[in-house]
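What follows is one structure encoded as structure tokens, with my remarks underneath.
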Amino acid sequence: MSFLSNIFGKKEPKLPFDFSVFKTDMHSHLIPGIDDGSESLENSLEMIKEFASLGYTKLVTTPHIMSDYFKNSPETILPGLDKVKQALTENNINITLEAAAEYYLDEFFIQKIKEKNILSFGNNYVLFELPFMSEPPQLAETTFELQMAGFKPILAHPERYGYWHNNLEKLQEQKDKGVLLQINLLSVIGHYGPEVQKAAEKLIENNLFDLVGSDCHRIQHLEALKNATIKESILRKIEARAINATI
Ligand SMILES: [Fe+2]
């Protein structure tokens, strides 16, 4: 069908997300005032209410932990989580909220892994991200250390690393080593530009992804996702993967 449509120059239909298929979102920035995400408790509640109304039942929020920029730790994240959870109860917002972190791959991260001072979620999953400029030389060492410590690494938004856009083998290599790949829904709708959108579609078409997440930092991100439509073939692949996800 899509083959014939292509021949006759017909455009593939575009559809909105059905967020209730996802149930759990495992990448967001919803703890107020500790990273570049939510700025206030009010912001957090507004976003979480929107997640619930879209059909999500569980959120694992993942504040940045990044060298000198976001010096977070369990000591800043967990009390923040308690505050938000208390406000959810007070405001009758019915959704499960947990917290882990999005670790930036730097020397502090390796140190924390060695100390086993890591916030994981679910079945020992650890979300981490890479620099956007170039592949870090300590990538293999870090994922190895994570796995040796009993964690299951999840690489955040592989489609956003431009240095891999023409090198899918690198991502296949990560998968072969047991690193899970998490694509941002915001990439799929073109929020970071056409290059990243194209990369996200390529990974999805090639089944080079394990999870999708929102990476929501502010209410505008949720509004953009709610109002977006995406190619039907891409949507179906995302939905199939989300249904089979065990997180
Ligand atoms: Fe993030």
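Please note that chains go A, B, ... in the order of the structure tokens, that every chain numbers its residues from 1, and that ligands are numbered from 1 in the order shown.
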Kindly assemble as a Markdown table a list of the chain A residues that lie within 7 Å of ligand 1, each paired with its nearest atom pair and their distance in Å to one decimal, using only C-alpha atoms and all ligand atoms, sorted first by chain and then by ascending residue number.
```
| residue | atom | partner | partner_atom_place_in_ligand_line | distance |
| --- | --- | --- | --- | --- |
| A:His27 | CA | ligand 1 | 1 (Fe) | 6.1 |
| A:Ser28 | CA | ligand 1 | 1 (Fe) | 5.8 |
| A:His29 | CA | ligand 1 | 1 (Fe) | 6.6 |
| A:Thr62 | CA | ligand 1 | 1 (Fe) | 6.9 |
| A:His64 | CA | ligand 1 | 1 (Fe) | 6.8 |
| A:Glu102 | CA | ligand 1 | 1 (Fe) | 6.2 |
| A:Asp215 | CA | ligand 1 | 1 (Fe) | 4.7 |
```
Selection from above, N, CA and C atoms, as a CSV table (one decimal), in the first residue's frame, can you write it?
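Result went into out_29.csv, see below:
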```
chain,number,residue,atom,x,y,z
A,27,HIS,N,11.4,9.1,31.1
A,27,HIS,CA,12.3,10.2,30.9
A,27,HIS,C,11.7,11.6,30.9
A,28,SER,N,11.9,12.3,32.0
A,28,SER,CA,11.3,13.6,32.1
A,28,SER,C,12.1,14.4,33.2
A,29,HIS,N,11.7,15.7,33.3
A,29,HIS,CA,12.4,16.6,34.3
A,29,HIS,C,11.3,17.3,35.1
A,62,THR,N,13.4,11.9,35.7
A,62,THR,CA,14.9,11.7,35.6
A,62,THR,C,15.7,13.0,35.6
A,64,HIS,N,18.5,15.8,35.6
A,64,HIS,CA,19.9,15.7,35.2
A,64,HIS,C,20.9,15.6,36.4
A,102,GLU,N,19.0,11.2,35.0
A,102,GLU,CA,19.6,11.1,33.7
A,102,GLU,C,21.1,11.5,33.9
A,215,ASP,N,11.0,13.0,27.5
A,215,ASP,CA,12.1,14.0,27.9
A,215,ASP,C,11.4,15.4,28.1
```
Can you tell me which residues surround segment 40-42 of chain A at a distance of at most 8 Å, considering only C-alpha atoms, apart from same-chain residues fewer than 4 positions away, and format the answer as a PDB file with C-alpha atoms, in the first residue's frame?
```
ATOM      1  CA  ILE A  31      11.279  17.804  40.109  1.00  0.00           C
ATOM      2  CA  PRO A  32      11.113  21.576  40.594  1.00  0.00           C
ATOM      3  CA  GLY A  33      14.186  23.788  40.720  1.00  0.00           C
ATOM      4  CA  GLU A  46       0.569  21.239  35.664  1.00  0.00           C
ATOM      5  CA  VAL A  84       5.860  16.546  44.471  1.00  0.00           C
TER       6      VAL A  84
END
```
Problem - Residue set, segment 138-247 of chain A restricted to strand (DSSP E or B), as number ranges by chain - result: A: 152-156, 180-184, 211-213, 216, 230-231
Could you turn the residues from that selection into a file that holds N, CA and C atoms, as a PDB file, in the first residue's frame?
```pdb
ATOM      1  N   LYS A 152      21.490  -2.070  34.180  1.00  0.00           N
ATOM      2  CA  LYS A 152      21.180  -2.202  32.749  1.00  0.00           C
ATOM      3  C   LYS A 152      21.144  -0.796  32.154  1.00  0.00           C
ATOM      4  N   PRO A 153      22.149  -0.439  31.365  1.00  0.00           N
ATOM      5  CA  PRO A 153      22.228   0.935  30.843  1.00  0.00           C
ATOM      6  C   PRO A 153      21.188   1.218  29.756  1.00  0.00           C
ATOM      7  N   ILE A 154      20.594   2.395  29.844  1.00  0.00           N
ATOM      8  CA  ILE A 154      19.689   2.886  28.789  1.00  0.00           C
ATOM      9  C   ILE A 154      20.284   4.180  28.254  1.00  0.00           C
ATOM     10  N   LEU A 155      20.604   4.201  26.968  1.00  0.00           N
ATOM     11  CA  LEU A 155      21.156   5.418  26.366  1.00  0.00           C
ATOM     12  C   LEU A 155      20.010   6.338  25.945  1.00  0.00           C
ATOM     13  N   ALA A 156      20.016   7.559  26.509  1.00  0.00           N
ATOM     14  CA  ALA A 156      18.966   8.542  26.206  1.00  0.00           C
ATOM     15  C   ALA A 156      19.166   9.113  24.799  1.00  0.00           C
ATOM     16  N   LEU A 180      20.381  -0.461  26.100  1.00  0.00           N
ATOM     17  CA  LEU A 180      19.059  -0.192  25.517  1.00  0.00           C
ATOM     18  C   LEU A 180      19.035   1.228  24.958  1.00  0.00           C
ATOM     19  N   LEU A 181      18.297   1.413  23.876  1.00  0.00           N
ATOM     20  CA  LEU A 181      18.243   2.727  23.215  1.00  0.00           C
ATOM     21  C   LEU A 181      16.863   3.346  23.420  1.00  0.00           C
ATOM     22  N   GLN A 182      16.847   4.607  23.909  1.00  0.00           N
ATOM     23  CA  GLN A 182      15.573   5.296  24.178  1.00  0.00           C
ATOM     24  C   GLN A 182      15.427   6.523  23.292  1.00  0.00           C
ATOM     25  N   ILE A 183      14.437   6.486  22.435  1.00  0.00           N
ATOM     26  CA  ILE A 183      14.178   7.621  21.530  1.00  0.00           C
ATOM     27  C   ILE A 183      13.211   8.610  22.183  1.00  0.00           C
ATOM     28  N   ASN A 184      13.462   9.905  21.955  1.00  0.00           N
ATOM     29  CA  ASN A 184      12.535  10.929  22.467  1.00  0.00           C
ATOM     30  C   ASN A 184      11.337  11.096  21.540  1.00  0.00           C
ATOM     31  N   LEU A 211      13.008   1.721  23.624  1.00  0.00           N
ATOM     32  CA  LEU A 211      12.054   2.459  24.446  1.00  0.00           C
ATOM     33  C   LEU A 211      11.809   3.833  23.833  1.00  0.00           C
ATOM     34  N   VAL A 212      10.641   4.400  24.163  1.00  0.00           N
ATOM     35  CA  VAL A 212      10.435   5.812  23.855  1.00  0.00           C
ATOM     36  C   VAL A 212      10.146   6.547  25.166  1.00  0.00           C
ATOM     37  N   GLY A 213      10.550   7.807  25.220  1.00  0.00           N
ATOM     38  CA  GLY A 213      10.303   8.628  26.408  1.00  0.00           C
ATOM     39  C   GLY A 213       9.958  10.025  25.956  1.00  0.00           C
ATOM     40  N   CYS A 216      10.240  15.366  28.662  1.00  0.00           N
ATOM     41  CA  CYS A 216       9.487  16.606  28.881  1.00  0.00           C
ATOM     42  C   CYS A 216      10.165  17.478  29.948  1.00  0.00           C
ATOM     43  N   ILE A 230       2.097  12.215  13.301  1.00  0.00           N
ATOM     44  CA  ILE A 230       3.310  11.618  12.717  1.00  0.00           C
ATOM     45  C   ILE A 230       2.923  10.528  11.727  1.00  0.00           C
ATOM     46  N   LYS A 231       3.885  10.159  10.890  1.00  0.00           N
ATOM     47  CA  LYS A 231       3.624   9.148   9.855  1.00  0.00           C
ATOM     48  C   LYS A 231       3.077   7.865  10.476  1.00  0.00           C
TER      49      LYS A 231
END
```
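Distances from A:Leu222, A:Ala101, A:Ala149, A:Ile204 to Lys237 of chain A were compared using only C-alpha atoms, and the smallest one belongs to A:Ile204.
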Each residue of segment 62-107 of chain A with at least one atom at most 8 Å from segment 111-121 of chain A should appear once, together with its nearest atom pair and the corresponding distance in Å (one decimal); atoms considered: only C-alpha atoms; ordering: chain, then increasing residue number; output as a Markdown table.
```
| residue | atom | partner | partner_atom | distance |
| --- | --- | --- | --- | --- |
| A:Pro74 | CA | A:Leu119 | CA | 6.9 |
| A:Ala99 | CA | A:Phe121 | CA | 7.5 |
| A:Ala100 | CA | A:Leu119 | CA | 4.9 |
| A:Ala101 | CA | A:Leu119 | CA | 6.1 |
| A:Glu107 | CA | A:Gln111 | CA | 6.3 |
```
Include C-alpha atoms and write out the residues we just selected as a JSON list (two decimals), in the first residue's frame.
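Writing done, so here's result12.json:
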```
[["chain", "number", "residue", "atom", "x", "y", "z"],
["A", 74, "PRO", "CA", 19.86, 11.16, 45.78],
["A", 99, "ALA", "CA", 12.44, 9.24, 40.39],
["A", 100, "ALA", "CA", 15.76, 8.10, 39.00],
["A", 101, "ALA", "CA", 18.20, 10.34, 37.07],
["A", 107, "GLU", "CA", 34.28, 11.29, 35.13]]
```
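Near Gln172 of chain A, within 7 Å and counting only C-alpha atoms, sit Leu168, Asp176 and Leu208 of chain A; same-chain residues fewer than 4 positions away were not included.
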Those same residues - C-alpha atoms - I'd like them written as an mmCIF file, in the first residue's frame.
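Everything below was put into out_31.cif:
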```cif
data_model
loop_
_atom_site.group_PDB
_atom_site.id
_atom_site.type_symbol
_atom_site.label_atom_id
_atom_site.label_comp_id
_atom_site.auth_asym_id
_atom_site.auth_seq_id
_atom_site.Cartn_x
_atom_site.Cartn_y
_atom_site.Cartn_z
ATOM 1 C CA LEU A 168 24.077 3.313 12.544
ATOM 2 C CA ASP A 176 24.792 -5.803 20.841
ATOM 3 C CA LEU A 208 17.181 0.276 16.416
#
```
Handout entry: Near-Tyr163 of chain A list (8 Å; only C-alpha atoms; drop same-chain fewer than 2 positions) as an NGL selection string
Key = :A and (133-135 or 161 or 165-167)
Handout entry: Neighbour list for Asp18 of chain A as a PyMOL selection string, cut-off 10 Å, only C-alpha atoms, skip fewer than 4 positions in-chain
Key = chain A and resi 22+54-55+226+235+239
Write the selection just made, keeping C-alpha atoms, as a short mmCIF file (atom, residue, chain, number, x, y, z; two decimals), in the first residue's frame?
```cif
data_model
loop_
_atom_site.label_atom_id
_atom_site.label_comp_id
_atom_site.auth_asym_id
_atom_site.auth_seq_id
_atom_site.Cartn_x
_atom_site.Cartn_y
_atom_site.Cartn_z
CA PHE A 22 2.63 4.07 26.49
CA LEU A 54 -3.14 11.96 28.19
CA GLY A 55 -3.52 8.45 29.65
CA LYS A 226 -0.49 16.35 22.07
CA LEU A 235 3.55 5.49 14.84
CA GLU A 239 3.25 1.54 19.53
#
```
Problem - Nearest to Glu39 of chain A, chosen from A:His217, A:Glu232, A:Gln138, A:Phe17, with only C-alpha atoms counted in the distances - result: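 Among the listed residues, the smallest separation from Glu39 of chain A belongs to A:His217.
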Problem - Long-range neighbours of Ala224 of chain A as a PyMOL selection string, 12 Å cut-off, only C-alpha atoms, 2 positions minimum in chain - result: chain A and resi 16-17+50+185-192+214+216-222+226-230
Exercise for the section: as a PyMOL selection string, please: all residues of segment 38-186 of chain A that backbone DSSP puts in alpha helix (DSSP H). Expected result: chain A and resi 41-54+74-90+107-115+139-148+168-176+185-186
Handout entry: Distance of atom CA of Phe19 of chain A from atom CA of Pro79 of chain A, expressed in Å to one decimal place
Key =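 Interatomic distance, atom CA of Pro79 of chain A to atom CA of Phe19 of chain A: 28.7 Å.
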Exercise for the section: Would you mind telling me which residue in A:Ala140, A:Ile65, A:Ile247, A:Ala240 lies nearest to Ile77 of chain A when using only C-alpha atoms? Expected result: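 Nearest candidate to Ile77 of chain A out of A:Ala140, A:Ile65, A:Ile247, A:Ala240: A:Ile65.
The nearest approach to Met148 of chain A among the residues A:Ile110, A:Leu59, A:Ile95, A:Leu127, with only C-alpha atoms taken into account, belongs to A:Ile110.
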Handout entry: Within 9 Å of Ser233 of chain A using only C-alpha atoms, minus same-chain residues under 4 positions, as a list in words
Key = Ser2, Glu12, Pro13, Lys14, Glu205, Lys237 and Ile238 of chain A
Quick one: write out the picked residues with N, CA and C atoms as an mmCIF file, in the first residue's frame?
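Saved the output as result04.cif:
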```
data_model
loop_
_atom_site.group_PDB
_atom_site.id
_atom_site.type_symbol
_atom_site.label_atom_id
_atom_site.label_comp_id
_atom_site.auth_asym_id
_atom_site.auth_seq_id
_atom_site.Cartn_x
_atom_site.Cartn_y
_atom_site.Cartn_z
ATOM 1 N N SER A 2 1.827 1.283 0.948
ATOM 2 C CA SER A 2 2.672 2.478 1.001
ATOM 3 C C SER A 2 3.566 2.556 -0.235
ATOM 4 N N GLU A 12 1.947 9.619 2.860
ATOM 5 C CA GLU A 12 1.502 8.687 3.896
ATOM 6 C C GLU A 12 0.632 9.424 4.909
ATOM 7 N N PRO A 13 -0.467 8.811 5.392
ATOM 8 C CA PRO A 13 -1.308 9.499 6.376
ATOM 9 C C PRO A 13 -0.541 9.780 7.665
ATOM 10 N N LYS A 14 -0.928 10.873 8.298
ATOM 11 C CA LYS A 14 -0.293 11.225 9.579
ATOM 12 C C LYS A 14 -1.344 11.176 10.678
ATOM 13 N N GLU A 205 12.591 2.899 11.861
ATOM 14 C CA GLU A 205 12.391 2.022 10.691
ATOM 15 C C GLU A 205 13.293 0.794 10.757
ATOM 16 N N LYS A 237 5.120 1.399 14.589
ATOM 17 C CA LYS A 237 6.339 0.753 15.111
ATOM 18 C C LYS A 237 6.593 1.177 16.562
ATOM 19 N N ILE A 238 6.344 2.461 16.834
ATOM 20 C CA ILE A 238 6.522 2.949 18.214
ATOM 21 C C ILE A 238 5.528 2.250 19.138
#
```
Exercise for the section: Quick one: pull the distance between atom CA of Glu90 of chain A and atom CA of Ser53 of chain A, Å, one decimal. Expected result: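 Calculated distance between atom CA of Glu90 of chain A and atom CA of Ser53 of chain A is 17.4 Å.
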Exercise for the section: Using only C-alpha atoms, find the one residue out of A:Asn43, A:Thr96, A:Lys83, A:Asp36 that sits nearest to Thr57 of chain A. Expected result: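 The answer is A:Thr96, which sits nearest to Thr57 of chain A.
Minimum distance to Tyr103 of chain A across A:Gln174, A:Asn124, A:Gln147, A:Asn72 (counting only C-alpha atoms) occurs at A:Asn72.
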Practice task
Measure the distance from atom CA of Ile234 of chain A to atom CA of Gln197 of chain A in Å and round it to one decimal.
Solution key: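 Those two atoms sit 11.3 Å apart.
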